[in-house]
There are 2 protein chains.
Amino acid sequence: MANISELIERYIKNLLQESQGDSVELQRNELAAQFRCVPSQINYVLSTRFNIENGFVVESRRGGGGYIRIVKIPLEQQGDPAVQIYRLVGEEINQSQAENIIKRLAEEELITLREAQIFRAVIDRNSLRLDLPWRDSLRANLLRVMLAAVFRQS
Amino acid sequence: MANISELIERYIKNLLQESQGDSVELQRNELAAQFRCVPSQINYVLSTRFNIENGFVVESRRGGGGYIRIVKIPLEQQGDPAVQIYRLVGEEINQSQAENIIKRLAEEELITLREAQIFRAVIDRNSLRLDLPWRDSLRANLLRVMLAAVFRQS
DNA sequence: CTCGCAATGGTCAATAATGGTCAAATTTAT
DNA sequence: ATAAATTTGACCATTATTGACCATTGCGAG
């Protein structure tokens, strides 16, 4: 466990603790230099430890003045219906299953009516214009990122 | 943010705020001198941040007494905002164009912050997982159906 | 009035400064 | 021995900065 990825992970989580808010901003090259690793290792750490399943969202920008921002999503309790529903989606989902989930979300008032309309528009097979099974996979993906977007606020 | 373009952007937006109206006038060389950059960088900032997707129009004049006028175009002004935006989207759209449009919709309070997050999540290239040019086409399609979903009700 | 120059702004392509992806190689865990 | 996780590096993509060269406008000198 003199494992660089873990060191980087802890370093970033430390930064997050120290920064009053719930996000930190850093530079990939700088961090890589600090830990004497290749820059792409930073991406590895981000994708394995700071992904959405772990409750983080990463935003970044390339080019001059580029940055990587890591945002911690205030993780609700285990029993949170939102989280359960998120898990329900899975890797593939068909339109009617998705509609059921959206209906439930609206009923539980986790999303507004307008938001429900947006969700429905997106997961509609006519919007997706792909053949199965790619369509079901794209739908699951989109539903998951939409849910993440919503749950991300508090 | 050792990023001059961003500083210039904020400076101009500040000017716009302070000037009661919705336009400001400035001189390219002067501004460039103020920020110690080459004059053409001003054009770069204008074309990336004050373009039509972002809701701005730039007028200018060369020669003695030349100037650059930046005008903010509020959406409500010319007819149905939905229709205008719809046109802006077109048959294909890339991520950054789409982000500009979403930013603007939120600024104009035509969509909520949460809705903007949903939109952004959907149009993200990582969510779409398709190669170009199909990705840009799917993105345009999804953006259009989302807009329709939102505007249908108002 | 006309020509020429000074004072502006515009374009475009090269280069710099970042970050991203993917898969092979290596190491560690089961 | 396999499978999983980590480490690396070659190549790619995006955004910003710079500078050489171009275009337009206003103003005087003839």
# chains A, B, ... in the order shown; residues from 1 in each chain; ligands from 1
call {"tool": "calpha_fit_and_write", "arguments": {"fixed": "chain B", "moving": "chain A", "output": "tab-separated table (two decimals) with N, CA and C atoms, in the first residue's frame"}}
result
chain	number	residue	atom	x	y	z
A	1	MET	N	-2.15	42.12	-9.00
A	1	MET	CA	-3.38	42.50	-9.69
A	1	MET	C	-3.28	43.81	-10.44
A	2	ALA	N	-2.06	44.12	-10.82
A	2	ALA	CA	-1.91	45.22	-11.78
A	2	ALA	C	-1.97	44.50	-13.11
A	3	ASN	N	-3.00	43.75	-13.18
A	3	ASN	CA	-3.17	42.78	-14.23
A	3	ASN	C	-4.03	43.41	-15.32
A	4	ILE	N	-3.43	43.56	-16.47
A	4	ILE	CA	-4.10	44.32	-17.53
A	4	ILE	C	-5.47	43.75	-17.87
A	5	SER	N	-5.55	42.43	-17.90
A	5	SER	CA	-6.84	41.82	-18.25
A	5	SER	C	-7.94	42.29	-17.32
A	6	GLU	N	-7.56	42.42	-16.04
A	6	GLU	CA	-8.57	42.83	-15.09
A	6	GLU	C	-8.95	44.29	-15.30
A	7	LEU	N	-7.98	45.09	-15.63
A	7	LEU	CA	-8.27	46.50	-15.90
A	7	LEU	C	-9.23	46.63	-17.08
A	8	ILE	N	-8.93	45.85	-18.10
A	8	ILE	CA	-9.78	45.90	-19.29
A	8	ILE	C	-11.19	45.43	-18.94
A	9	GLU	N	-11.24	44.37	-18.16
A	9	GLU	CA	-12.54	43.86	-17.72
A	9	GLU	C	-13.33	44.95	-17.00
A	10	ARG	N	-12.67	45.62	-16.06
A	10	ARG	CA	-13.39	46.64	-15.30
A	10	ARG	C	-13.79	47.79	-16.19
A	11	TYR	N	-12.91	48.14	-17.09
A	11	TYR	CA	-13.21	49.24	-18.01
A	11	TYR	C	-14.47	48.94	-18.81
A	12	ILE	N	-14.54	47.73	-19.33
A	12	ILE	CA	-15.71	47.38	-20.14
A	12	ILE	C	-16.97	47.34	-19.28
A	13	LYS	N	-16.85	46.80	-18.09
A	13	LYS	CA	-18.03	46.74	-17.23
A	13	LYS	C	-18.50	48.13	-16.84
A	14	ASN	N	-17.56	49.03	-16.73
A	14	ASN	CA	-17.91	50.42	-16.49
A	14	ASN	C	-18.70	51.00	-17.65
A	15	LEU	N	-18.19	50.75	-18.82
A	15	LEU	CA	-18.88	51.23	-20.02
A	15	LEU	C	-20.31	50.71	-20.03
A	16	LEU	N	-20.45	49.44	-19.68
A	16	LEU	CA	-21.78	48.84	-19.69
A	16	LEU	C	-22.70	49.53	-18.69
A	17	GLN	N	-22.15	49.85	-17.55
A	17	GLN	CA	-22.95	50.55	-16.54
A	17	GLN	C	-23.42	51.89	-17.06
A	18	GLU	N	-22.47	52.61	-17.61
A	18	GLU	CA	-22.79	53.97	-18.04
A	18	GLU	C	-23.77	54.01	-19.21
A	19	SER	N	-23.63	53.05	-20.10
A	19	SER	CA	-24.54	53.05	-21.24
A	19	SER	C	-25.91	52.58	-20.78
A	20	GLN	N	-26.87	53.41	-20.96
A	20	GLN	CA	-28.24	53.11	-20.52
A	20	GLN	C	-28.63	51.65	-20.79
A	21	GLY	N	-28.37	51.20	-22.00
A	21	GLY	CA	-28.81	49.86	-22.39
A	21	GLY	C	-28.02	48.76	-21.73
A	22	ASP	N	-28.00	47.63	-22.35
A	22	ASP	CA	-27.25	46.51	-21.80
A	22	ASP	C	-26.20	46.04	-22.79
A	23	SER	N	-25.70	46.97	-23.58
A	23	SER	CA	-24.64	46.58	-24.50
A	23	SER	C	-23.73	47.75	-24.82
A	24	VAL	N	-22.49	47.42	-25.14
A	24	VAL	CA	-21.55	48.44	-25.61
A	24	VAL	C	-20.86	47.95	-26.86
A	25	GLU	N	-20.40	48.92	-27.61
A	25	GLU	CA	-19.71	48.59	-28.84
A	25	GLU	C	-18.34	49.24	-28.77
A	26	LEU	N	-17.34	48.48	-29.17
A	26	LEU	CA	-16.00	49.07	-29.15
A	26	LEU	C	-15.16	48.49	-30.26
A	27	GLN	N	-13.96	49.07	-30.41
A	27	GLN	CA	-13.06	48.60	-31.46
A	27	GLN	C	-11.85	47.96	-30.84
A	28	ARG	N	-11.54	46.79	-31.34
A	28	ARG	CA	-10.47	46.02	-30.73
A	28	ARG	C	-9.14	46.75	-30.74
A	29	ASN	N	-8.75	47.24	-31.90
A	29	ASN	CA	-7.45	47.89	-31.99
A	29	ASN	C	-7.36	49.14	-31.11
A	30	GLU	N	-8.43	49.87	-31.10
A	30	GLU	CA	-8.47	51.09	-30.31
A	30	GLU	C	-8.28	50.77	-28.83
A	31	LEU	N	-9.05	49.81	-28.36
A	31	LEU	CA	-8.99	49.43	-26.96
A	31	LEU	C	-7.59	48.91	-26.62
A	32	ALA	N	-7.04	48.10	-27.51
A	32	ALA	CA	-5.70	47.56	-27.27
A	32	ALA	C	-4.69	48.69	-27.18
A	33	ALA	N	-4.84	49.67	-28.04
A	33	ALA	CA	-3.92	50.81	-28.01
A	33	ALA	C	-4.07	51.56	-26.69
A	34	GLN	N	-5.30	51.72	-26.28
A	34	GLN	CA	-5.58	52.45	-25.05
A	34	GLN	C	-4.87	51.80	-23.86
A	35	PHE	N	-4.87	50.47	-23.84
A	35	PHE	CA	-4.25	49.76	-22.73
A	35	PHE	C	-2.84	49.29	-23.06
A	36	ARG	N	-2.36	49.69	-24.20
A	36	ARG	CA	-1.02	49.32	-24.63
A	36	ARG	C	-0.76	47.82	-24.52
A	37	CYS	N	-1.67	47.07	-25.07
A	37	CYS	CA	-1.45	45.63	-25.13
A	37	CYS	C	-1.69	45.17	-26.56
A	38	VAL	N	-1.37	43.93	-26.83
A	38	VAL	CA	-1.62	43.42	-28.17
A	38	VAL	C	-3.12	43.20	-28.33
A	39	PRO	N	-3.61	43.35	-29.54
A	39	PRO	CA	-5.06	43.21	-29.77
A	39	PRO	C	-5.62	41.88	-29.30
A	40	SER	N	-4.85	40.84	-29.45
A	40	SER	CA	-5.40	39.54	-29.08
A	40	SER	C	-5.68	39.44	-27.59
A	41	GLN	N	-5.12	40.33	-26.81
A	41	GLN	CA	-5.42	40.27	-25.38
A	41	GLN	C	-6.88	40.64	-25.14
A	42	ILE	N	-7.40	41.47	-26.01
A	42	ILE	CA	-8.81	41.81	-25.89
A	42	ILE	C	-9.64	40.54	-26.05
A	43	ASN	N	-9.26	39.71	-27.00
A	43	ASN	CA	-9.99	38.46	-27.18
A	43	ASN	C	-9.87	37.58	-25.94
A	44	TYR	N	-8.71	37.61	-25.36
A	44	TYR	CA	-8.52	36.81	-24.14
A	44	TYR	C	-9.49	37.27	-23.06
A	45	VAL	N	-9.55	38.58	-22.87
A	45	VAL	CA	-10.46	39.11	-21.85
A	45	VAL	C	-11.90	38.75	-22.18
A	46	LEU	N	-12.25	38.87	-23.43
A	46	LEU	CA	-13.62	38.56	-23.81
A	46	LEU	C	-13.94	37.10	-23.55
A	47	SER	N	-13.01	36.24	-23.90
A	47	SER	CA	-13.36	34.82	-23.79
A	47	SER	C	-13.30	34.33	-22.36
A	48	THR	N	-12.55	35.00	-21.51
A	48	THR	CA	-12.49	34.54	-20.12
A	48	THR	C	-13.51	35.24	-19.21
A	49	ARG	N	-13.87	36.48	-19.56
A	49	ARG	CA	-14.76	37.22	-18.66
A	49	ARG	C	-16.10	37.60	-19.23
A	50	PHE	N	-16.21	37.57	-20.54
A	50	PHE	CA	-17.48	37.99	-21.13
A	50	PHE	C	-18.09	36.86	-21.96
A	51	ASN	N	-17.92	35.66	-21.48
A	51	ASN	CA	-18.47	34.51	-22.19
A	51	ASN	C	-19.89	34.24	-21.71
A	52	ILE	N	-20.46	33.23	-22.27
A	52	ILE	CA	-21.86	32.95	-21.98
A	52	ILE	C	-22.08	32.50	-20.53
A	53	GLU	N	-21.12	31.75	-20.01
A	53	GLU	CA	-21.25	31.32	-18.62
A	53	GLU	C	-21.34	32.52	-17.69
A	54	ASN	N	-20.67	33.58	-18.08
A	54	ASN	CA	-20.70	34.78	-17.25
A	54	ASN	C	-21.86	35.70	-17.59
A	55	GLY	N	-22.68	35.27	-18.53
A	55	GLY	CA	-23.85	36.07	-18.84
A	55	GLY	C	-23.65	37.13	-19.89
A	56	PHE	N	-22.70	36.91	-20.78
A	56	PHE	CA	-22.50	37.88	-21.84
A	56	PHE	C	-22.49	37.19	-23.19
A	57	VAL	N	-22.82	37.97	-24.19
A	57	VAL	CA	-22.69	37.49	-25.54
A	57	VAL	C	-21.89	38.53	-26.31
A	58	VAL	N	-20.97	38.07	-27.11
A	58	VAL	CA	-20.14	38.99	-27.88
A	58	VAL	C	-20.41	38.80	-29.36
A	59	GLU	N	-20.71	39.89	-30.02
A	59	GLU	CA	-20.88	39.86	-31.46
A	59	GLU	C	-19.78	40.73	-32.07
A	60	SER	N	-19.34	40.37	-33.26
A	60	SER	CA	-18.31	41.21	-33.85
A	60	SER	C	-18.36	41.16	-35.35
A	61	ARG	N	-17.63	42.06	-35.93
A	61	ARG	CA	-17.54	42.15	-37.38
A	61	ARG	C	-16.13	42.58	-37.73
A	62	ARG	N	-15.59	41.94	-38.77
A	62	ARG	CA	-14.23	42.32	-39.19
A	62	ARG	C	-14.32	43.37	-40.27
A	63	GLY	N	-13.18	43.69	-40.82
A	63	GLY	CA	-13.16	44.59	-41.97
A	63	GLY	C	-13.40	46.03	-41.62
A	64	GLY	N	-13.37	46.86	-42.65
A	64	GLY	CA	-13.56	48.29	-42.43
A	64	GLY	C	-14.83	48.55	-41.64
A	65	GLY	N	-14.71	49.44	-40.67
A	65	GLY	CA	-15.89	49.71	-39.84
A	65	GLY	C	-16.23	48.55	-38.93
A	66	GLY	N	-15.27	47.68	-38.70
A	66	GLY	CA	-15.51	46.53	-37.83
A	66	GLY	C	-15.75	46.96	-36.40
A	67	TYR	N	-16.28	46.07	-35.59
A	67	TYR	CA	-16.56	46.41	-34.20
A	67	TYR	C	-16.69	45.15	-33.36
A	68	ILE	N	-16.71	45.36	-32.06
A	68	ILE	CA	-17.02	44.28	-31.13
A	68	ILE	C	-18.15	44.78	-30.25
A	69	ARG	N	-19.23	44.05	-30.20
A	69	ARG	CA	-20.34	44.45	-29.34
A	69	ARG	C	-20.49	43.44	-28.21
A	70	ILE	N	-20.57	43.96	-27.01
A	70	ILE	CA	-20.71	43.10	-25.84
A	70	ILE	C	-22.09	43.31	-25.26
A	71	VAL	N	-22.83	42.24	-25.19
A	71	VAL	CA	-24.20	42.33	-24.70
A	71	VAL	C	-24.34	41.59	-23.38
A	72	LYS	N	-24.92	42.25	-22.42
A	72	LYS	CA	-25.14	41.59	-21.14
A	72	LYS	C	-26.51	40.94	-21.16
A	73	ILE	N	-26.52	39.66	-20.83
A	73	ILE	CA	-27.80	38.96	-20.77
A	73	ILE	C	-28.39	39.19	-19.40
A	74	PRO	N	-29.62	39.68	-19.36
A	74	PRO	CA	-30.23	39.87	-18.06
A	74	PRO	C	-30.27	38.52	-17.35
A	75	LEU	N	-29.42	38.39	-16.38
A	75	LEU	CA	-29.26	37.11	-15.71
A	75	LEU	C	-30.40	36.86	-14.73
A	76	GLU	N	-31.09	35.81	-14.96
A	76	GLU	CA	-32.22	35.49	-14.09
A	76	GLU	C	-31.69	35.00	-12.75
A	77	GLN	N	-32.59	34.78	-11.85
A	77	GLN	CA	-32.17	34.30	-10.53
A	77	GLN	C	-31.56	32.91	-10.58
A	78	GLN	N	-30.94	32.54	-9.50
A	78	GLN	CA	-30.34	31.22	-9.41
A	78	GLN	C	-31.36	30.13	-9.68
A	79	GLY	N	-32.51	30.30	-9.10
A	79	GLY	CA	-33.53	29.27	-9.18
A	79	GLY	C	-34.20	29.15	-10.54
A	80	ASP	N	-33.83	30.00	-11.42
A	80	ASP	CA	-34.45	29.97	-12.75
A	80	ASP	C	-34.29	28.60	-13.39
A	81	PRO	N	-35.39	27.98	-13.76
A	81	PRO	CA	-35.31	26.65	-14.36
A	81	PRO	C	-34.48	26.66	-15.64
A	82	ALA	N	-34.53	27.77	-16.33
A	82	ALA	CA	-33.78	27.85	-17.58
A	82	ALA	C	-32.29	27.64	-17.33
A	83	VAL	N	-31.78	28.31	-16.33
A	83	VAL	CA	-30.37	28.20	-16.02
A	83	VAL	C	-30.00	26.79	-15.58
A	84	GLN	N	-30.88	26.20	-14.78
A	84	GLN	CA	-30.62	24.84	-14.33
A	84	GLN	C	-30.53	23.88	-15.52
A	85	ILE	N	-31.47	24.05	-16.39
A	85	ILE	CA	-31.49	23.17	-17.55
A	85	ILE	C	-30.24	23.36	-18.40
A	86	TYR	N	-29.85	24.60	-18.52
A	86	TYR	CA	-28.64	24.89	-19.27
A	86	TYR	C	-27.47	24.11	-18.72
A	87	ARG	N	-27.39	24.07	-17.39
A	87	ARG	CA	-26.29	23.35	-16.76
A	87	ARG	C	-26.41	21.84	-16.96
A	88	LEU	N	-27.66	21.39	-17.06
A	88	LEU	CA	-27.92	19.97	-17.22
A	88	LEU	C	-27.28	19.39	-18.49
A	89	VAL	N	-27.16	20.22	-19.46
A	89	VAL	CA	-26.72	19.72	-20.76
A	89	VAL	C	-25.32	19.15	-20.73
A	90	GLY	N	-24.39	19.88	-20.15
A	90	GLY	CA	-23.05	19.36	-20.06
A	90	GLY	C	-22.29	19.33	-21.37
A	91	GLU	N	-21.19	18.58	-21.38
A	91	GLU	CA	-20.29	18.58	-22.53
A	91	GLU	C	-20.71	17.60	-23.62
A	92	GLU	N	-21.45	16.59	-23.20
A	92	GLU	CA	-21.92	15.60	-24.16
A	92	GLU	C	-23.34	15.23	-23.78
A	93	ILE	N	-24.13	14.92	-24.77
A	93	ILE	CA	-25.49	14.50	-24.46
A	93	ILE	C	-26.00	13.65	-25.60
A	94	ASN	N	-26.72	12.60	-25.26
A	94	ASN	CA	-27.23	11.76	-26.33
A	94	ASN	C	-28.63	12.22	-26.72
A	95	GLN	N	-29.14	11.61	-27.77
A	95	GLN	CA	-30.40	12.11	-28.32
A	95	GLN	C	-31.55	12.01	-27.33
A	96	SER	N	-31.63	10.88	-26.61
A	96	SER	CA	-32.81	10.74	-25.77
A	96	SER	C	-32.76	11.66	-24.55
A	97	GLN	N	-31.56	11.85	-24.04
A	97	GLN	CA	-31.44	12.81	-22.94
A	97	GLN	C	-31.86	14.20	-23.42
A	98	ALA	N	-31.40	14.53	-24.61
A	98	ALA	CA	-31.74	15.86	-25.16
A	98	ALA	C	-33.24	15.99	-25.36
A	99	GLU	N	-33.84	14.92	-25.85
A	99	GLU	CA	-35.29	14.97	-26.07
A	99	GLU	C	-36.04	15.18	-24.76
A	100	ASN	N	-35.55	14.54	-23.71
A	100	ASN	CA	-36.19	14.73	-22.42
A	100	ASN	C	-36.14	16.19	-21.98
A	101	ILE	N	-34.99	16.75	-22.16
A	101	ILE	CA	-34.83	18.15	-21.76
A	101	ILE	C	-35.77	19.05	-22.56
A	102	ILE	N	-35.84	18.78	-23.84
A	102	ILE	CA	-36.70	19.60	-24.70
A	102	ILE	C	-38.16	19.45	-24.30
A	103	LYS	N	-38.52	18.24	-23.99
A	103	LYS	CA	-39.89	17.99	-23.59
A	103	LYS	C	-40.24	18.79	-22.33
A	104	ARG	N	-39.29	18.76	-21.43
A	104	ARG	CA	-39.51	19.49	-20.19
A	104	ARG	C	-39.61	20.99	-20.43
A	105	LEU	N	-38.76	21.48	-21.28
A	105	LEU	CA	-38.79	22.91	-21.59
A	105	LEU	C	-40.15	23.30	-22.14
A	106	ALA	N	-40.67	22.44	-23.01
A	106	ALA	CA	-41.96	22.73	-23.62
A	106	ALA	C	-43.07	22.66	-22.58
A	107	GLU	N	-42.98	21.65	-21.72
A	107	GLU	CA	-43.98	21.51	-20.67
A	107	GLU	C	-44.01	22.72	-19.74
A	108	GLU	N	-42.82	23.20	-19.45
A	108	GLU	CA	-42.75	24.36	-18.56
A	108	GLU	C	-43.05	25.65	-19.32
A	109	GLU	N	-43.33	25.49	-20.59
A	109	GLU	CA	-43.63	26.65	-21.44
A	109	GLU	C	-42.51	27.67	-21.48
A	110	LEU	N	-41.31	27.13	-21.43
A	110	LEU	CA	-40.18	28.03	-21.59
A	110	LEU	C	-39.87	28.19	-23.07
A	111	ILE	N	-40.32	27.22	-23.85
A	111	ILE	CA	-40.20	27.36	-25.30
A	111	ILE	C	-41.55	26.99	-25.93
A	112	THR	N	-41.78	27.51	-27.10
A	112	THR	CA	-43.04	27.24	-27.79
A	112	THR	C	-42.98	25.88	-28.46
A	113	LEU	N	-44.11	25.47	-28.98
A	113	LEU	CA	-44.17	24.20	-29.68
A	113	LEU	C	-43.26	24.21	-30.91
A	114	ARG	N	-43.36	25.30	-31.65
A	114	ARG	CA	-42.51	25.43	-32.83
A	114	ARG	C	-41.04	25.38	-32.47
A	115	GLU	N	-40.69	26.08	-31.41
A	115	GLU	CA	-39.29	26.09	-30.98
A	115	GLU	C	-38.85	24.68	-30.59
A	116	ALA	N	-39.73	23.98	-29.93
A	116	ALA	CA	-39.40	22.61	-29.56
A	116	ALA	C	-39.14	21.76	-30.81
A	117	GLN	N	-39.94	21.99	-31.83
A	117	GLN	CA	-39.73	21.24	-33.08
A	117	GLN	C	-38.37	21.55	-33.69
A	118	ILE	N	-38.01	22.81	-33.62
A	118	ILE	CA	-36.70	23.20	-34.14
A	118	ILE	C	-35.59	22.51	-33.35
A	119	PHE	N	-35.71	22.58	-32.04
A	119	PHE	CA	-34.72	21.93	-31.19
A	119	PHE	C	-34.59	20.45	-31.53
A	120	ARG	N	-35.72	19.81	-31.66
A	120	ARG	CA	-35.69	18.37	-31.94
A	120	ARG	C	-35.03	18.07	-33.28
A	121	ALA	N	-35.37	18.91	-34.24
A	121	ALA	CA	-34.79	18.69	-35.57
A	121	ALA	C	-33.27	18.79	-35.50
A	122	VAL	N	-32.79	19.75	-34.75
A	122	VAL	CA	-31.35	19.98	-34.68
A	122	VAL	C	-30.61	18.86	-33.95
A	123	ILE	N	-31.20	18.37	-32.86
A	123	ILE	CA	-30.45	17.40	-32.07
A	123	ILE	C	-30.64	15.95	-32.57
A	124	ASP	N	-31.42	15.81	-33.60
A	124	ASP	CA	-31.64	14.47	-34.16
A	124	ASP	C	-30.34	13.91	-34.73
A	125	ARG	N	-30.11	12.65	-34.46
A	125	ARG	CA	-28.85	12.08	-34.92
A	125	ARG	C	-28.71	12.11	-36.43
A	126	ASN	N	-29.85	12.08	-37.11
A	126	ASN	CA	-29.77	12.13	-38.57
A	126	ASN	C	-29.36	13.51	-39.09
A	127	SER	N	-29.63	14.51	-38.31
A	127	SER	CA	-29.23	15.85	-38.73
A	127	SER	C	-27.76	16.08	-38.49
A	128	LEU	N	-27.25	15.41	-37.49
A	128	LEU	CA	-25.88	15.69	-37.05
A	128	LEU	C	-24.81	15.01	-37.88
A	129	ARG	N	-25.12	13.89	-38.44
A	129	ARG	CA	-24.20	13.24	-39.37
A	129	ARG	C	-22.74	13.21	-38.94
A	130	LEU	N	-22.53	12.80	-37.73
A	130	LEU	CA	-21.16	12.65	-37.26
A	130	LEU	C	-21.13	11.35	-36.47
A	131	ASP	N	-19.95	10.77	-36.34
A	131	ASP	CA	-19.87	9.56	-35.53
A	131	ASP	C	-19.71	9.94	-34.07
A	132	LEU	N	-20.09	9.01	-33.22
A	132	LEU	CA	-19.84	9.18	-31.79
A	132	LEU	C	-18.34	9.10	-31.58
A	133	PRO	N	-17.79	9.77	-30.60
A	133	PRO	CA	-18.49	10.57	-29.60
A	133	PRO	C	-18.67	12.04	-30.02
A	134	TRP	N	-18.18	12.37	-31.22
A	134	TRP	CA	-18.24	13.77	-31.66
A	134	TRP	C	-19.68	14.25	-31.79
A	135	ARG	N	-20.54	13.29	-32.14
A	135	ARG	CA	-21.93	13.68	-32.33
A	135	ARG	C	-22.55	14.16	-31.02
A	136	ASP	N	-22.30	13.42	-29.96
A	136	ASP	CA	-22.87	13.81	-28.66
A	136	ASP	C	-22.31	15.14	-28.18
A	137	SER	N	-21.11	15.37	-28.56
A	137	SER	CA	-20.47	16.61	-28.15
A	137	SER	C	-21.04	17.79	-28.95
A	138	LEU	N	-21.19	17.58	-30.24
A	138	LEU	CA	-21.79	18.62	-31.08
A	138	LEU	C	-23.22	18.89	-30.63
A	139	ARG	N	-23.96	17.83	-30.31
A	139	ARG	CA	-25.34	17.99	-29.89
A	139	ARG	C	-25.42	18.84	-28.62
A	140	ALA	N	-24.54	18.53	-27.67
A	140	ALA	CA	-24.54	19.29	-26.42
A	140	ALA	C	-24.27	20.76	-26.72
A	141	ASN	N	-23.32	20.95	-27.59
A	141	ASN	CA	-22.95	22.31	-27.95
A	141	ASN	C	-24.11	23.05	-28.58
A	142	LEU	N	-24.75	22.41	-29.51
A	142	LEU	CA	-25.86	23.07	-30.21
A	142	LEU	C	-27.02	23.32	-29.26
A	143	LEU	N	-27.28	22.36	-28.41
A	143	LEU	CA	-28.38	22.54	-27.46
A	143	LEU	C	-28.08	23.73	-26.54
A	144	ARG	N	-26.84	23.82	-26.13
A	144	ARG	CA	-26.48	24.94	-25.26
A	144	ARG	C	-26.60	26.29	-25.97
A	145	VAL	N	-26.15	26.36	-27.19
A	145	VAL	CA	-26.26	27.67	-27.85
A	145	VAL	C	-27.71	28.01	-28.17
A	146	MET	N	-28.52	26.99	-28.41
A	146	MET	CA	-29.94	27.27	-28.66
A	146	MET	C	-30.61	27.78	-27.39
A	147	LEU	N	-30.28	27.13	-26.28
A	147	LEU	CA	-30.84	27.58	-25.01
A	147	LEU	C	-30.40	29.00	-24.70
A	148	ALA	N	-29.14	29.27	-24.96
A	148	ALA	CA	-28.64	30.61	-24.71
A	148	ALA	C	-29.39	31.62	-25.57
A	149	ALA	N	-29.65	31.24	-26.80
A	149	ALA	CA	-30.35	32.15	-27.71
A	149	ALA	C	-31.74	32.48	-27.18
A	150	VAL	N	-32.37	31.48	-26.63
A	150	VAL	CA	-33.72	31.68	-26.14
A	150	VAL	C	-33.74	32.47	-24.84
A	151	PHE	N	-32.83	32.13	-23.95
A	151	PHE	CA	-32.83	32.79	-22.65
A	151	PHE	C	-32.34	34.21	-22.72
A	152	ARG	N	-31.74	34.51	-23.84
A	152	ARG	CA	-31.16	35.80	-24.00
A	152	ARG	C	-32.22	36.89	-24.10
A	153	GLN	N	-33.37	36.53	-24.63
A	153	GLN	CA	-34.46	37.50	-24.67
A	153	GLN	C	-35.11	37.48	-23.30
A	154	SER	N	-35.93	38.45	-23.02
A	154	SER	CA	-36.56	38.39	-21.71
A	154	SER	C	-38.05	38.63	-21.86
call {"tool": "interface_residues", "arguments": {"of": "chain C", "to": "chain B", "cutoff": "9 Å", "atoms": "only C-alpha atoms (C1' of nucleotides)", "output": "NGL selection string"}}
result
:C and (6-10)
call {"tool": "interface_residues", "arguments": {"of": "chain D", "to": "chain B", "cutoff": "6 Å", "atoms": "only C-alpha atoms (C1' of nucleotides)", "output": "ChimeraX atom specification"}}
result
/D:24-26
call {"tool": "write_last_selection", "arguments": {"atoms": "C-alpha atoms (C1' of nucleotides)", "output": "mmCIF file, in the first residue's frame"}}
result
data_model
loop_
_atom_site.group_PDB
_atom_site.id
_atom_site.type_symbol
_atom_site.label_atom_id
_atom_site.label_comp_id
_atom_site.auth_asym_id
_atom_site.auth_seq_id
_atom_site.Cartn_x
_atom_site.Cartn_y
_atom_site.Cartn_z
ATOM 1 C "C1'" DT D 24 -11.693 50.578 -42.664
ATOM 2 C "C1'" DT D 25 -12.304 55.262 -41.246
ATOM 3 C "C1'" DG D 26 -11.269 60.063 -40.337
#
call {"tool": "residues_around", "arguments": {"residues": "DT30 in chain C", "least_positions_apart": "2", "cutoff": "12 Å", "atoms": "only C-alpha atoms (C1' of nucleotides)", "output": "ChimeraX atom specification"}}
result
/C:28 /D:1-4
call {"tool": "write_last_selection", "arguments": {"atoms": "C-alpha atoms (C1' of nucleotides)", "output": "PDB file, in the first residue's frame"}}
result
ATOM      1  C1'  DT C  28      -0.792  -7.109  -6.230  1.00  0.00           C
TER       2       DT C  28
ATOM      3  C1'  DA D   1      -2.227 -19.307 -11.755  1.00  0.00           C
ATOM      4  C1'  DT D   2      -5.633 -15.986 -12.643  1.00  0.00           C
ATOM      5  C1'  DA D   3      -7.861 -11.980 -12.057  1.00  0.00           C
ATOM      6  C1'  DA D   4      -7.899  -7.358 -10.589  1.00  0.00           C
TER       7       DA D   4
END
call {"tool": "select_by_dssp", "arguments": {"residues": "range 14-68 of chain B", "states": "helix (DSSP H, G or I)", "output": "PyMOL selection string"}}
result
chain B and resi 14-18+28-34+39-49
call {"tool": "atom_distance", "arguments": {"atom1": "C1' of DT21 in chain C", "atom2": "C1' of DA16 in chain D"}}
result
22.3 Å
call {"tool": "atom_distance", "arguments": {"atom1": "C1' of DT8 in chain D", "atom2": "C1' of DT18 in chain C"}}
result
19.5 Å
call {"tool": "atom_distance", "arguments": {"atom1": "C1' of DT27 in chain C", "atom2": "C1' of DT6 in chain D"}}
result
7.1 Å
call {"tool": "select_by_dssp", "arguments": {"residues": "range 37-105 of chain A", "states": "strand (DSSP E or B)", "output": "list in words"}}
result
Phe56, Val57, Val58, Glu59, Ser60, Arg61, Tyr67, Ile68, Arg69, Ile70, Val71 and Lys72 of chain A
call {"tool": "residues_around", "arguments": {"residues": "DC11 in chain D", "least_positions_apart": "3", "cutoff": "12 Å", "atoms": "only C-alpha atoms (C1' of nucleotides)", "output": "VMD selection string"}}
result
chain C and resid 20 to 23
